[in-house]
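start.cif (mmCIF, C-alpha atoms)
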```
data_upload
loop_
_atom_site.group_PDB
_atom_site.id
_atom_site.type_symbol
_atom_site.label_atom_id
_atom_site.label_comp_id
_atom_site.auth_asym_id
_atom_site.auth_seq_id
_atom_site.Cartn_x
_atom_site.Cartn_y
_atom_site.Cartn_z
ATOM 1 C CA MET C 1 23.018 13.197 -0.290
ATOM 2 C CA THR C 2 22.442 11.457 3.049
ATOM 3 C CA ILE C 3 23.812 7.988 3.792
ATOM 4 C CA THR C 4 20.339 6.412 3.853
ATOM 5 C CA ARG C 5 19.434 8.029 0.531
ATOM 6 C CA ALA C 6 22.707 6.810 -0.974
ATOM 7 C CA ILE C 7 22.011 3.267 0.255
ATOM 8 C CA GLY C 8 18.483 3.454 -1.149
ATOM 9 C CA ALA C 9 19.760 4.686 -4.511
ATOM 10 C CA GLY C 10 22.372 1.922 -4.616
ATOM 11 C CA CYS C 11 19.825 -0.773 -3.795
ATOM 12 C CA ASN C 12 17.438 0.608 -6.407
ATOM 13 C CA THR C 13 20.201 0.478 -9.017
ATOM 14 C CA ILE C 14 20.781 -3.189 -8.190
ATOM 15 C CA ILE C 15 17.053 -3.967 -8.363
ATOM 16 C CA VAL C 16 16.735 -2.164 -11.712
ATOM 17 C CA GLY C 17 19.639 -4.219 -13.056
ATOM 18 C CA ILE C 18 18.033 -7.467 -11.874
ATOM 19 C CA VAL C 19 14.697 -6.458 -13.408
ATOM 20 C CA ARG C 20 16.290 -5.667 -16.775
ATOM 21 C CA GLY C 21 18.211 -8.951 -16.751
ATOM 22 C CA LEU C 22 15.073 -10.957 -15.971
ATOM 23 C CA ALA C 23 13.106 -9.024 -18.583
ATOM 24 C CA LEU C 24 15.734 -9.858 -21.208
ATOM 25 C CA ALA C 25 15.638 -13.513 -20.112
ATOM 26 C CA ARG C 26 11.877 -13.505 -20.831
ATOM 27 C CA ILE C 27 11.034 -15.179 -17.522
ATOM 28 C CA HIS C 28 7.316 -14.874 -16.880
ATOM 29 C CA PRO C 29 6.494 -12.761 -13.788
ATOM 30 C CA ASN C 30 4.261 -15.513 -12.385
ATOM 31 C CA VAL C 31 7.223 -17.888 -12.487
ATOM 32 C CA LEU C 32 9.219 -15.399 -10.417
ATOM 33 C CA THR C 33 6.361 -15.213 -7.927
ATOM 34 C CA PHE C 34 6.299 -19.009 -7.658
ATOM 35 C CA ILE C 35 10.080 -19.177 -7.197
ATOM 36 C CA GLY C 36 9.734 -16.701 -4.340
ATOM 37 C CA LEU C 37 7.234 -19.044 -2.692
ATOM 38 C CA LEU C 38 9.601 -22.005 -3.038
ATOM 39 C CA ILE C 39 12.436 -20.007 -1.474
ATOM 40 C CA ASN C 40 10.200 -19.037 1.447
ATOM 41 C CA ILE C 41 9.252 -22.683 1.937
ATOM 42 C CA TYR C 42 12.963 -23.462 2.243
ATOM 43 C CA GLY C 43 13.223 -20.594 4.713
ATOM 44 C CA ALA C 44 10.375 -22.182 6.694
ATOM 45 C CA PHE C 45 12.316 -25.466 6.773
ATOM 46 C CA LEU C 46 15.339 -23.641 8.198
ATOM 47 C CA LEU C 47 13.183 -21.934 10.818
ATOM 48 C CA ALA C 48 11.738 -25.299 11.823
ATOM 49 C CA GLN C 49 15.308 -26.547 12.308
ATOM 50 C CA GLY C 50 16.146 -23.530 14.461
ATOM 51 C CA ASN C 51 18.669 -22.264 11.902
ATOM 52 C CA PHE C 52 17.399 -18.704 12.187
ATOM 53 C CA ARG C 53 20.300 -16.758 10.710
ATOM 54 C CA ALA C 54 20.378 -18.820 7.506
ATOM 55 C CA ALA C 55 16.590 -18.512 7.329
ATOM 56 C CA GLY C 56 16.929 -14.727 7.552
ATOM 57 C CA TYR C 57 19.204 -14.623 4.510
ATOM 58 C CA VAL C 58 16.878 -16.966 2.611
ATOM 59 C CA ILE C 59 13.869 -14.741 3.391
ATOM 60 C CA ILE C 60 15.840 -11.758 2.065
ATOM 61 C CA GLY C 61 16.420 -13.718 -1.157
ATOM 62 C CA ALA C 62 12.722 -14.486 -1.424
ATOM 63 C CA GLY C 63 11.987 -10.807 -0.815
ATOM 64 C CA ILE C 64 14.034 -9.884 -3.882
ATOM 65 C CA PHE C 65 11.766 -12.038 -6.051
ATOM 66 C CA ASP C 66 8.772 -10.432 -4.364
ATOM 67 C CA MET C 67 10.107 -6.974 -5.260
ATOM 68 C CA VAL C 68 10.958 -7.708 -8.883
ATOM 69 C CA ASP C 69 8.029 -9.783 -10.162
ATOM 70 C CA GLY C 70 5.706 -6.789 -10.505
ATOM 71 C CA ARG C 71 8.445 -4.639 -12.030
ATOM 72 C CA VAL C 72 9.288 -7.359 -14.540
ATOM 73 C CA ALA C 73 5.592 -7.584 -15.442
ATOM 74 C CA ARG C 74 5.535 -3.841 -16.157
ATOM 75 C CA GLU C 75 8.889 -3.909 -17.959
ATOM 76 C CA THR C 76 7.728 -6.713 -20.291
ATOM 77 C CA ASN C 77 4.154 -5.429 -20.622
ATOM 78 C CA GLN C 78 2.741 -8.554 -18.962
ATOM 79 C CA VAL C 79 0.626 -6.895 -16.275
ATOM 80 C CA THR C 80 -2.641 -8.833 -15.871
ATOM 81 C CA ARG C 81 -5.462 -8.974 -13.356
ATOM 82 C CA PHE C 82 -4.687 -12.640 -12.719
ATOM 83 C CA GLY C 83 -1.032 -11.797 -12.094
ATOM 84 C CA GLY C 84 -1.973 -9.478 -9.242
ATOM 85 C CA PHE C 85 -4.336 -12.098 -7.825
ATOM 86 C CA PHE C 86 -1.727 -14.866 -8.162
ATOM 87 C CA ASP C 87 0.907 -12.727 -6.440
ATOM 88 C CA SER C 88 -1.425 -11.937 -3.545
ATOM 89 C CA VAL C 89 -2.408 -15.582 -3.014
ATOM 90 C CA LEU C 90 1.192 -16.822 -3.051
ATOM 91 C CA ASP C 91 2.194 -14.036 -0.665
ATOM 92 C CA ARG C 92 -0.302 -15.460 1.853
ATOM 93 C CA TYR C 93 1.136 -18.963 1.379
ATOM 94 C CA SER C 94 4.663 -17.585 1.876
ATOM 95 C CA ASP C 95 3.687 -15.808 5.093
ATOM 96 C CA LEU C 96 1.956 -18.863 6.506
ATOM 97 C CA ALA C 97 4.772 -21.214 5.480
ATOM 98 C CA LEU C 98 7.325 -19.170 7.461
ATOM 99 C CA LEU C 99 5.086 -19.074 10.516
ATOM 100 C CA MET C 100 4.414 -22.816 10.214
ATOM 101 C CA GLY C 101 8.166 -23.303 10.377
ATOM 102 C CA LEU C 102 8.205 -21.377 13.655
ATOM 103 C CA LEU C 103 5.271 -23.441 14.945
ATOM 104 C CA VAL C 104 7.248 -26.621 14.312
ATOM 105 C CA TYR C 105 10.342 -25.149 15.977
ATOM 106 C CA TYR C 106 8.575 -24.003 19.139
ATOM 107 C CA GLY C 107 6.635 -27.259 19.288
ATOM 108 C CA ASN C 108 9.847 -29.284 19.065
ATOM 109 C CA ILE C 109 11.519 -27.344 21.897
ATOM 110 C CA ASN C 110 8.361 -27.594 24.012
ATOM 111 C CA ARG C 111 7.492 -23.889 24.225
ATOM 112 C CA PRO C 112 3.666 -23.962 24.203
ATOM 113 C CA LEU C 113 3.373 -20.214 24.928
ATOM 114 C CA TYR C 114 5.265 -19.396 21.751
ATOM 115 C CA VAL C 115 3.285 -21.956 19.791
ATOM 116 C CA VAL C 116 0.140 -20.041 20.781
ATOM 117 C CA LEU C 117 1.852 -16.700 20.099
ATOM 118 C CA THR C 118 2.882 -17.838 16.610
ATOM 119 C CA ALA C 119 -0.696 -18.989 15.978
ATOM 120 C CA ILE C 120 -1.921 -15.516 16.997
ATOM 121 C CA VAL C 121 0.581 -13.973 14.568
ATOM 122 C CA MET C 122 -0.669 -16.302 11.812
ATOM 123 C CA THR C 123 -4.240 -15.210 12.515
ATOM 124 C CA ALA C 124 -3.274 -11.527 12.451
ATOM 125 C CA SER C 125 -1.378 -11.977 9.159
ATOM 126 C CA VAL C 126 -4.398 -13.557 7.493
ATOM 127 C CA MET C 127 -6.883 -11.081 8.974
ATOM 128 C CA ILE C 128 -4.846 -8.032 7.911
ATOM 129 C CA SER C 129 -5.154 -9.044 4.264
ATOM 130 C CA TYR C 130 -8.730 -10.333 4.663
ATOM 131 C CA THR C 131 -10.051 -7.139 6.252
ATOM 132 C CA ARG C 132 -8.622 -5.074 3.417
ATOM 133 C CA ALA C 133 -9.998 -7.397 0.729
ATOM 134 C CA ARG C 134 -13.428 -7.557 2.370
ATOM 135 C CA ALA C 135 -13.540 -3.822 3.101
ATOM 136 C CA GLU C 136 -12.725 -2.956 -0.497
ATOM 137 C CA ASN C 137 -15.929 -4.732 -1.548
ATOM 138 C CA GLU C 138 -17.755 -1.953 0.310
ATOM 139 C CA ILE C 139 -15.438 1.072 0.076
ATOM 140 C CA PRO C 140 -12.909 2.216 -2.558
ATOM 141 C CA THR C 141 -9.753 1.435 -0.563
ATOM 142 C CA CYS C 142 -8.632 0.294 2.887
ATOM 143 C CA LYS C 143 -4.849 0.624 3.114
ATOM 144 C CA VAL C 144 -4.772 2.004 6.641
ATOM 145 C CA GLY C 145 -2.769 0.440 9.433
ATOM 146 C CA PHE C 146 0.950 0.209 10.107
ATOM 147 C CA LEU C 147 1.734 -3.493 9.875
ATOM 148 C CA GLU C 148 1.279 -4.493 6.254
ATOM 149 C CA ARG C 149 3.189 -7.373 4.657
ATOM 150 C CA PRO C 150 6.517 -5.596 3.961
ATOM 151 C CA GLU C 151 6.768 -4.505 7.600
ATOM 152 C CA ARG C 152 5.974 -8.026 8.826
ATOM 153 C CA VAL C 153 8.594 -9.568 6.540
ATOM 154 C CA VAL C 154 11.236 -7.055 7.640
ATOM 155 C CA LEU C 155 10.471 -7.802 11.286
ATOM 156 C CA LEU C 156 10.803 -11.560 10.673
ATOM 157 C CA ILE C 157 14.145 -10.976 8.938
ATOM 158 C CA ILE C 158 15.371 -8.902 11.888
ATOM 159 C CA GLY C 159 14.194 -11.557 14.343
ATOM 160 C CA ALA C 160 15.951 -14.293 12.384
ATOM 161 C CA LEU C 161 19.240 -12.515 11.719
ATOM 162 C CA PHE C 162 19.663 -11.191 15.263
ATOM 163 C CA ASP C 163 18.117 -14.194 17.055
ATOM 164 C CA ARG C 164 15.341 -12.048 18.505
ATOM 165 C CA MET C 165 12.392 -13.923 17.073
ATOM 166 C CA ALA C 166 10.416 -14.091 20.329
ATOM 167 C CA PRO C 167 10.160 -10.291 20.861
ATOM 168 C CA VAL C 168 9.495 -9.839 17.133
ATOM 169 C CA LEU C 169 6.522 -12.208 17.388
ATOM 170 C CA TRP C 170 5.131 -10.185 20.296
ATOM 171 C CA VAL C 171 5.450 -6.996 18.241
ATOM 172 C CA ILE C 172 3.715 -8.546 15.219
ATOM 173 C CA ALA C 173 0.972 -10.066 17.387
ATOM 174 C CA VAL C 174 0.152 -6.726 19.021
ATOM 175 C CA LEU C 175 0.605 -4.368 16.062
ATOM 176 C CA GLY C 176 -0.910 -6.861 13.621
ATOM 177 C CA ASN C 177 -4.158 -7.148 15.543
ATOM 178 C CA LEU C 178 -4.203 -3.379 16.107
ATOM 179 C CA THR C 179 -3.963 -3.004 12.321
ATOM 180 C CA VAL C 180 -7.006 -5.271 11.944
ATOM 181 C CA VAL C 181 -8.945 -3.208 14.492
ATOM 182 C CA HIS C 182 -7.856 0.013 12.762
ATOM 183 C CA ARG C 183 -9.167 -1.286 9.438
ATOM 184 C CA MET C 184 -12.463 -2.309 11.025
ATOM 185 C CA ILE C 185 -12.927 1.152 12.552
ATOM 186 C CA TYR C 186 -11.924 2.865 9.295
ATOM 187 C CA THR C 187 -14.343 0.695 7.298
ATOM 188 C CA PHE C 188 -17.136 1.460 9.774
ATOM 189 C CA GLN C 189 -16.504 5.190 9.378
ATOM 190 C CA GLN C 190 -16.315 5.038 5.593
ATOM 191 C CA THR C 191 -19.407 2.863 5.141
ATOM 192 C CA LYS C 192 -21.361 5.134 7.516
ATOM 193 C CA GLN C 193 -20.386 8.161 5.435
ATOM 194 C CA LEU C 194 -21.497 6.385 2.263
ATOM 195 C CA GLU C 195 -24.794 5.328 3.850
ATOM 196 C CA ASP C 196 -25.438 8.846 5.199
ATOM 197 C CA ALA C 197 -24.692 10.330 1.780
ATOM 198 C CA LYS C 198 -27.108 7.848 0.203
ATOM 199 C CA LEU C 199 -29.823 8.829 2.672
ATOM 200 C CA ARG C 200 -29.240 12.538 2.091
ATOM 201 C CA SER C 201 -29.370 12.205 -1.684
ATOM 202 C CA PRO C 202 -33.141 11.430 -1.986
ATOM 203 C CA GLN C 203 -33.915 14.154 0.557
ATOM 204 C CA MET C 204 -31.930 16.710 -1.463
ATOM 205 C CA THR C 205 -33.714 15.560 -4.632
ATOM 206 C CA LYS C 206 -37.138 16.006 -2.999
ATOM 207 C CA ALA C 207 -36.182 19.451 -1.690
ATOM 208 C CA ALA C 208 -35.004 20.502 -5.134
ATOM 209 C CA SER C 209 -38.224 19.307 -6.761
ATOM 210 C CA ARG C 210 -40.334 21.321 -4.305
ATOM 211 C CA SER C 211 -38.449 24.567 -4.868
#
```
For this file, produce the structure as structure tokens.
Amino acid sequence: MTITRAIGAGCNTIIVGIVRGLALARIHPNVLTFIGLLINIYGAFLLAQGNFRAAGYVIIGAGIFDMVDGRVARETNQVTRFGGFFDSVLDRYSDLALLMGLLVYYGNINRPLYVVLTAIVMTASVMISYTRARAENEIPTCKVGFLERPERVVLLIIGALFDRMAPVLWVIAVLGNLTVVHRMIYTFQQTKQLEDAKLRSPQMTKAASRS
């Protein structure tokens, strides 16, 4: 077994233990989701204060709640359509809260370029989720693109823990907007295929009726 696989197995064992403990405690999954939001709001406060390293650890703590709420729902047979919706909405609030913290920080230290950069990252974060949600009204699924939420959260944690938030924001700004463009192109291709198939279907029916 490789070192990375051993670490992954160890972390999974810990997560499974947490899930079982929470399931036995009968804590509703939506409550766990809400607690995760509150922890991220505290992380945003720390970011606004410039206390990046502490914020990084807090975001990791919030991430644990984000990982276990769905598993607890499955473990306790409490999976609902609203639960998935509620989780998605609070995830957006968590993302924006953390970035608002950075906006306050860069505004306080008079770094207008990074205020604008953080705003671009906020826009990309919202548009990544929006393009998928909107696309999936037209096509079955739109999960393409590299920078989904877990990757963005990991990058923010790295930026906070190692005091490299500025380069991390550049990475998210570029890759985030490329993910949006990728999803737009993918949706264009998929909808065109569906429209072409729809146009071909009546023609095939007419040809079959003539034969």
- Item | Proximity to C:Phe86 - best of C:Gly176, C:Pro140, C:Pro112, C:Pro29, all atoms listed in the file |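 For C:Phe86, the nearest of the candidates is C:Pro29.
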- Message: Applying the PyMOL selection byres ((chain C and resi 43-48) around 8) to the file I just gave you, which residues come out? Please list them as a list of chain:residue names.
- Response: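 Given this file, the PyMOL selection byres ((chain C and resi 43-48) around 8) evaluates to C:Ile39, C:Asn40, C:Ile41, C:Tyr42, C:Gln49, C:Gly50, C:Asn51, C:Phe52, C:Ala54, C:Ala55, C:Gly56, C:Val58, C:Ile59, C:Ala97, C:Leu98, C:Leu99, C:Met100, C:Gly101, C:Leu102, C:Leu103, C:Val104, C:Tyr105.
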- May I ask for the distance between atom CA of C:Trp170 and atom CA of C:Tyr114, given in Å to one decimal place?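 Answer for the atom CA of C:Trp170 to atom CA of C:Tyr114 separation: 9.3 Å.
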- Option closest in space to C:Asp69, from C:Thr191, C:Ser94, C:Ser201, C:Thr33 [counting all atoms listed in the file]: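 With all atoms listed in the file as the atom set, the closest residue is C:Thr33.
Atom to atom, atom CA of C:Ile185 and atom CA of C:Ile172 stand 19.4 Å apart.
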- How many Å separate atom CA of C:Asp66 from atom CA of C:Val171?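 It comes out at 23.1 Å.
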- From the list C:Gly21, C:Met67, C:Arg53, C:Gly145, which residue is nearest C:Arg164 when using all atoms listed in the file? C:Arg53
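Shortest separation to C:Ile158 among C:Leu32, C:Met122, C:Ile60, C:Leu117 occurs at residue C:Ile60, atoms counted being all atoms listed in the file.
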- Note on the structure: Min atom-atom distance to C:Arg20 from the set C:Ala73, C:Phe188, C:Arg132, C:Leu175, counting all atoms listed in the file, belongs to C:Ala73
Filled-in N, CA and C atoms of stretch 26-49 of chain C, supplied as a PDB file, keeping the file's coordinate frame:
```pdb
ATOM      1  N   ARG C  26      13.265 -13.144 -20.488  1.00  0.00           N
ATOM      2  CA  ARG C  26      11.877 -13.505 -20.831  1.00  0.00           C
ATOM      3  C   ARG C  26      11.270 -14.485 -19.827  1.00  0.00           C
ATOM      4  N   ILE C  27      11.643 -14.348 -18.564  1.00  0.00           N
ATOM      5  CA  ILE C  27      11.034 -15.179 -17.522  1.00  0.00           C
ATOM      6  C   ILE C  27       9.688 -14.568 -17.145  1.00  0.00           C
ATOM      7  N   HIS C  28       8.654 -15.391 -17.157  1.00  0.00           N
ATOM      8  CA  HIS C  28       7.316 -14.874 -16.880  1.00  0.00           C
ATOM      9  C   HIS C  28       7.232 -14.412 -15.426  1.00  0.00           C
ATOM     10  N   PRO C  29       6.598 -13.272 -15.169  1.00  0.00           N
ATOM     11  CA  PRO C  29       6.494 -12.761 -13.788  1.00  0.00           C
ATOM     12  C   PRO C  29       5.868 -13.758 -12.818  1.00  0.00           C
ATOM     13  N   ASN C  30       4.888 -14.529 -13.270  1.00  0.00           N
ATOM     14  CA  ASN C  30       4.261 -15.513 -12.385  1.00  0.00           C
ATOM     15  C   ASN C  30       5.238 -16.604 -11.970  1.00  0.00           C
ATOM     16  N   VAL C  31       6.185 -16.914 -12.833  1.00  0.00           N
ATOM     17  CA  VAL C  31       7.223 -17.888 -12.487  1.00  0.00           C
ATOM     18  C   VAL C  31       8.105 -17.327 -11.375  1.00  0.00           C
ATOM     19  N   LEU C  32       8.425 -16.039 -11.466  1.00  0.00           N
ATOM     20  CA  LEU C  32       9.219 -15.399 -10.417  1.00  0.00           C
ATOM     21  C   LEU C  32       8.474 -15.421  -9.083  1.00  0.00           C
ATOM     22  N   THR C  33       7.178 -15.171  -9.140  1.00  0.00           N
ATOM     23  CA  THR C  33       6.361 -15.213  -7.927  1.00  0.00           C
ATOM     24  C   THR C  33       6.399 -16.605  -7.306  1.00  0.00           C
ATOM     25  N   PHE C  34       6.295 -17.627  -8.151  1.00  0.00           N
ATOM     26  CA  PHE C  34       6.299 -19.009  -7.658  1.00  0.00           C
ATOM     27  C   PHE C  34       7.668 -19.379  -7.081  1.00  0.00           C
ATOM     28  N   ILE C  35       8.729 -18.920  -7.725  1.00  0.00           N
ATOM     29  CA  ILE C  35      10.080 -19.177  -7.197  1.00  0.00           C
ATOM     30  C   ILE C  35      10.233 -18.548  -5.818  1.00  0.00           C
ATOM     31  N   GLY C  36       9.696 -17.353  -5.647  1.00  0.00           N
ATOM     32  CA  GLY C  36       9.734 -16.701  -4.340  1.00  0.00           C
ATOM     33  C   GLY C  36       9.058 -17.544  -3.273  1.00  0.00           C
ATOM     34  N   LEU C  37       7.928 -18.156  -3.631  1.00  0.00           N
ATOM     35  CA  LEU C  37       7.234 -19.044  -2.692  1.00  0.00           C
ATOM     36  C   LEU C  37       8.110 -20.234  -2.315  1.00  0.00           C
ATOM     37  N   LEU C  38       8.749 -20.846  -3.308  1.00  0.00           N
ATOM     38  CA  LEU C  38       9.601 -22.005  -3.038  1.00  0.00           C
ATOM     39  C   LEU C  38      10.762 -21.631  -2.113  1.00  0.00           C
ATOM     40  N   ILE C  39      11.337 -20.457  -2.338  1.00  0.00           N
ATOM     41  CA  ILE C  39      12.436 -20.007  -1.474  1.00  0.00           C
ATOM     42  C   ILE C  39      11.937 -19.803  -0.046  1.00  0.00           C
ATOM     43  N   ASN C  40      10.754 -19.228   0.105  1.00  0.00           N
ATOM     44  CA  ASN C  40      10.200 -19.037   1.447  1.00  0.00           C
ATOM     45  C   ASN C  40       9.902 -20.371   2.127  1.00  0.00           C
ATOM     46  N   ILE C  41       9.484 -21.355   1.361  1.00  0.00           N
ATOM     47  CA  ILE C  41       9.252 -22.683   1.937  1.00  0.00           C
ATOM     48  C   ILE C  41      10.566 -23.257   2.478  1.00  0.00           C
ATOM     49  N   TYR C  42      11.656 -23.038   1.738  1.00  0.00           N
ATOM     50  CA  TYR C  42      12.963 -23.462   2.243  1.00  0.00           C
ATOM     51  C   TYR C  42      13.326 -22.680   3.506  1.00  0.00           C
ATOM     52  N   GLY C  43      13.013 -21.390   3.514  1.00  0.00           N
ATOM     53  CA  GLY C  43      13.223 -20.594   4.713  1.00  0.00           C
ATOM     54  C   GLY C  43      12.432 -21.137   5.892  1.00  0.00           C
ATOM     55  N   ALA C  44      11.203 -21.590   5.638  1.00  0.00           N
ATOM     56  CA  ALA C  44      10.375 -22.182   6.694  1.00  0.00           C
ATOM     57  C   ALA C  44      11.019 -23.453   7.239  1.00  0.00           C
ATOM     58  N   PHE C  45      11.615 -24.254   6.347  1.00  0.00           N
ATOM     59  CA  PHE C  45      12.316 -25.466   6.773  1.00  0.00           C
ATOM     60  C   PHE C  45      13.479 -25.110   7.705  1.00  0.00           C
ATOM     61  N   LEU C  46      14.218 -24.067   7.358  1.00  0.00           N
ATOM     62  CA  LEU C  46      15.339 -23.641   8.198  1.00  0.00           C
ATOM     63  C   LEU C  46      14.853 -23.124   9.558  1.00  0.00           C
ATOM     64  N   LEU C  47      13.748 -22.398   9.556  1.00  0.00           N
ATOM     65  CA  LEU C  47      13.183 -21.934  10.818  1.00  0.00           C
ATOM     66  C   LEU C  47      12.769 -23.108  11.691  1.00  0.00           C
ATOM     67  N   ALA C  48      12.168 -24.112  11.077  1.00  0.00           N
ATOM     68  CA  ALA C  48      11.738 -25.299  11.823  1.00  0.00           C
ATOM     69  C   ALA C  48      12.929 -26.023  12.451  1.00  0.00           C
ATOM     70  N   GLN C  49      14.087 -25.925  11.791  1.00  0.00           N
ATOM     71  CA  GLN C  49      15.308 -26.547  12.308  1.00  0.00           C
ATOM     72  C   GLN C  49      16.000 -25.671  13.356  1.00  0.00           C
TER      73      GLN C  49
END
```
